[in-house]
Amino acid sequence: MKGKYKGYYKYDNPKAQKQIKHEKTFFNIEITEFDNGKILGFVEDDIETGGTPGKGVIKGKKNGNEFFFIKEMPTAAFLINGEMKTYDKKHPKIYYKGIVNDNKIEGEWKIKLGFFMSGLMILLGTKTTGTWMMEKITTA
């Protein structure tokens, strides 16, 4: 499992995907630790295709061919009226699950419903879902 991966994610909601102005948002993941099924690594979204800024952390596990991880990004980014807004706070956790097939992993992701404080403003984050895929490009 250790190594570098390239992949993408998409939104289930066609309106949200259209607001991103790209068919897919690309990312790079490096899994730096894999021990007893537990995974630890780093992720960077491609800003040019609508990704969240910053270098995030992934923590998860592999059980058989099932793959789960939580993506935590250092900067909150939200689509508001078709424009990407960033905030100097952590992004809500993003939950990924998928199936491993050789060097390819694909599945679904979600952000749970929640509140986000920005100064005196409260933003309501709606439940957001989508699909994703990544392929291994190098081994550790």
# chains A, B, ... in the order shown; residues from 1 in each chain; ligands from 1
>>> residues_around(residues="Gly37 of chain A", least_positions_apart="2", cutoff="6 Å", atoms="only C-alpha atoms", output="PyMOL selection string")
chain A and resi 35+61-62
>>> write_last_selection(atoms="N, CA and C atoms", output="PDB file, in the first residue's frame")
ATOM      1  N   ASP A  35       0.715  -0.392   8.410  1.00  0.00           N
ATOM      2  CA  ASP A  35       1.087  -1.367   9.420  1.00  0.00           C
ATOM      3  C   ASP A  35      -0.178  -1.978  10.013  1.00  0.00           C
ATOM      4  N   LYS A  61      -7.690   2.716   7.142  1.00  0.00           N
ATOM      5  CA  LYS A  61      -7.342   1.301   7.252  1.00  0.00           C
ATOM      6  C   LYS A  61      -7.756   0.548   6.000  1.00  0.00           C
ATOM      7  N   LYS A  62      -7.097  -0.574   5.813  1.00  0.00           N
ATOM      8  CA  LYS A  62      -7.426  -1.500   4.739  1.00  0.00           C
ATOM      9  C   LYS A  62      -7.808  -2.809   5.401  1.00  0.00           C
TER      10      LYS A  62
END
>>> residues_around(residues="Ile20 of chain A", least_positions_apart="3", cutoff="9 Å", atoms="only C-alpha atoms", output="PyMOL selection string")
chain A and resi 15-17+23-25+49-51+79+82-84
>>> select_by_dssp(residues="segment 23-126 of chain A", states="strand (DSSP E or B)", output="MDAnalysis selection string")
chainID A and resid 25:35 38:45 55:63 66:72 76:80 83:87 94:101 104:111 114:118 121:125
>>> select_by_dssp(residues="segment 8-113 of chain A", states="alpha helix (DSSP H)", output="number ranges by chain")
A: 14-20
>>> write_last_selection(atoms="N, CA and C atoms", output="mmCIF file, in the first residue's frame")
data_model
loop_
_atom_site.group_PDB
_atom_site.id
_atom_site.type_symbol
_atom_site.label_atom_id
_atom_site.label_comp_id
_atom_site.auth_asym_id
_atom_site.auth_seq_id
_atom_site.Cartn_x
_atom_site.Cartn_y
_atom_site.Cartn_z
ATOM 1 N N PRO A 14 -24.869 17.425 -9.668
ATOM 2 C CA PRO A 14 -24.402 18.049 -10.918
ATOM 3 C C PRO A 14 -24.240 19.568 -10.805
ATOM 4 N N LYS A 15 -25.076 20.216 -9.990
ATOM 5 C CA LYS A 15 -24.976 21.672 -9.814
ATOM 6 C C LYS A 15 -23.649 22.041 -9.141
ATOM 7 N N ALA A 16 -23.280 21.293 -8.094
ATOM 8 C CA ALA A 16 -22.007 21.539 -7.396
ATOM 9 C C ALA A 16 -20.833 21.281 -8.342
ATOM 10 N N GLN A 17 -20.897 20.193 -9.107
ATOM 11 C CA GLN A 17 -19.805 19.875 -10.032
ATOM 12 C C GLN A 17 -19.657 20.977 -11.079
ATOM 13 N N LYS A 18 -20.765 21.490 -11.560
ATOM 14 C CA LYS A 18 -20.734 22.565 -12.556
ATOM 15 C C LYS A 18 -20.111 23.837 -11.959
ATOM 16 N N GLN A 19 -20.393 24.109 -10.679
ATOM 17 C CA GLN A 19 -19.830 25.296 -10.026
ATOM 18 C C GLN A 19 -18.312 25.207 -9.892
ATOM 19 N N ILE A 20 -17.782 24.002 -9.779
ATOM 20 C CA ILE A 20 -16.328 23.794 -9.695
ATOM 21 C C ILE A 20 -15.672 24.180 -11.029
#
>>> closest_residue(among="A:Lys85, A:Lys93, A:His22, A:Lys2", to="Val57 of chain A", atoms="only C-alpha atoms")
A:Lys93
>>> residues_around(residues="His91 of chain A", least_positions_apart="5", cutoff="6 Å", atoms="only C-alpha atoms", output="ChimeraX atom specification")
/A:73,75-76
>>> closest_residue(among="A:Asn65, A:Asn103, A:Thr129, A:Thr52", to="Gly3 of chain A", atoms="only C-alpha atoms")
A:Asn103
>>> closest_residue(among="A:Phe68, A:Tyr96, A:Phe78, A:Phe42", to="Glu30 of chain A", atoms="only C-alpha atoms")
A:Phe42
>>> residues_around(residues="Val100 of chain A", least_positions_apart="5", cutoff="12 Å", atoms="only C-alpha atoms", output="JSON, numbers by chain")
{"A": [1, 61, 62, 63, 64, 65, 66, 67, 68, 105, 106, 107, 133, 134, 135, 136]}
>>> closest_residue(among="A:Tyr5, A:Phe69, A:Tyr87, A:Phe26", to="Trp109 of chain A", atoms="only C-alpha atoms")
A:Phe69
>>> closest_residue(among="A:Tyr11, A:Ile47, A:Lys4, A:Lys97", to="Thr128 of chain A", atoms="only C-alpha atoms")
A:Tyr11
>>> decode(residues="segment 38-94 of chain A", atoms="C-alpha atoms", output="compact mmCIF listing (two decimals), in the first residue's frame")
# COMPACT_ATOMS: atom_id res chain seq x y z
CA LYS A 38 -3.60 0.98 9.33
CA ILE A 39 -2.80 3.74 6.83
CA LEU A 40 -1.18 7.13 7.31
CA GLY A 41 -0.22 9.60 4.62
CA PHE A 42 -0.55 12.99 3.01
CA VAL A 43 -2.82 14.46 0.33
CA GLU A 44 -2.65 17.52 -1.90
CA ASP A 45 -5.57 18.59 -4.09
CA ASP A 46 -5.00 20.28 -7.43
CA ILE A 47 -6.12 23.89 -6.91
CA GLU A 48 -6.45 24.44 -10.68
CA THR A 49 -9.25 21.84 -10.88
CA GLY A 50 -11.18 23.11 -7.85
CA GLY A 51 -9.32 21.44 -4.99
CA THR A 52 -8.94 22.49 -1.38
CA PRO A 53 -5.66 24.36 -0.68
CA GLY A 54 -2.92 23.02 1.58
CA LYS A 55 -1.30 19.69 2.40
CA GLY A 56 -3.70 17.44 4.27
CA VAL A 57 -3.38 14.25 6.28
CA ILE A 58 -5.09 10.92 5.61
CA LYS A 59 -5.66 8.29 8.28
CA GLY A 60 -7.45 5.04 7.67
CA LYS A 61 -7.34 1.30 7.25
CA LYS A 62 -7.43 -1.50 4.74
CA ASN A 63 -9.45 -4.60 5.55
CA GLY A 64 -9.24 -7.23 2.82
CA ASN A 65 -10.03 -5.32 -0.36
CA GLU A 66 -11.99 -2.61 1.52
CA PHE A 67 -10.22 0.72 1.96
CA PHE A 68 -11.33 3.52 4.34
CA PHE A 69 -9.72 6.84 5.23
CA ILE A 70 -10.48 10.28 6.61
CA LYS A 71 -9.04 13.28 4.78
CA GLU A 72 -8.24 16.32 6.95
CA MET A 73 -7.28 19.53 5.13
CA PRO A 74 -5.68 22.52 6.91
CA THR A 75 -7.78 25.16 5.11
CA ALA A 76 -11.57 25.26 4.89
CA ALA A 77 -12.89 25.82 1.36
CA PHE A 78 -16.55 26.11 0.40
CA LEU A 79 -18.47 26.87 -2.77
CA ILE A 80 -20.64 29.90 -2.02
CA ASN A 81 -22.79 31.21 -4.87
CA GLY A 82 -20.52 29.53 -7.42
CA GLU A 83 -17.29 30.96 -5.97
CA MET A 84 -14.67 29.10 -3.93
CA LYS A 85 -14.17 30.81 -0.56
CA THR A 86 -11.35 29.84 1.81
CA TYR A 87 -11.16 30.32 5.58
CA ASP A 88 -8.21 30.13 7.97
CA LYS A 89 -9.67 27.10 9.78
CA LYS A 90 -9.52 23.33 9.27
CA HIS A 91 -11.81 21.94 6.59
CA PRO A 92 -14.56 19.56 7.80
CA LYS A 93 -13.42 15.92 7.72
CA ILE A 94 -14.03 14.06 4.46
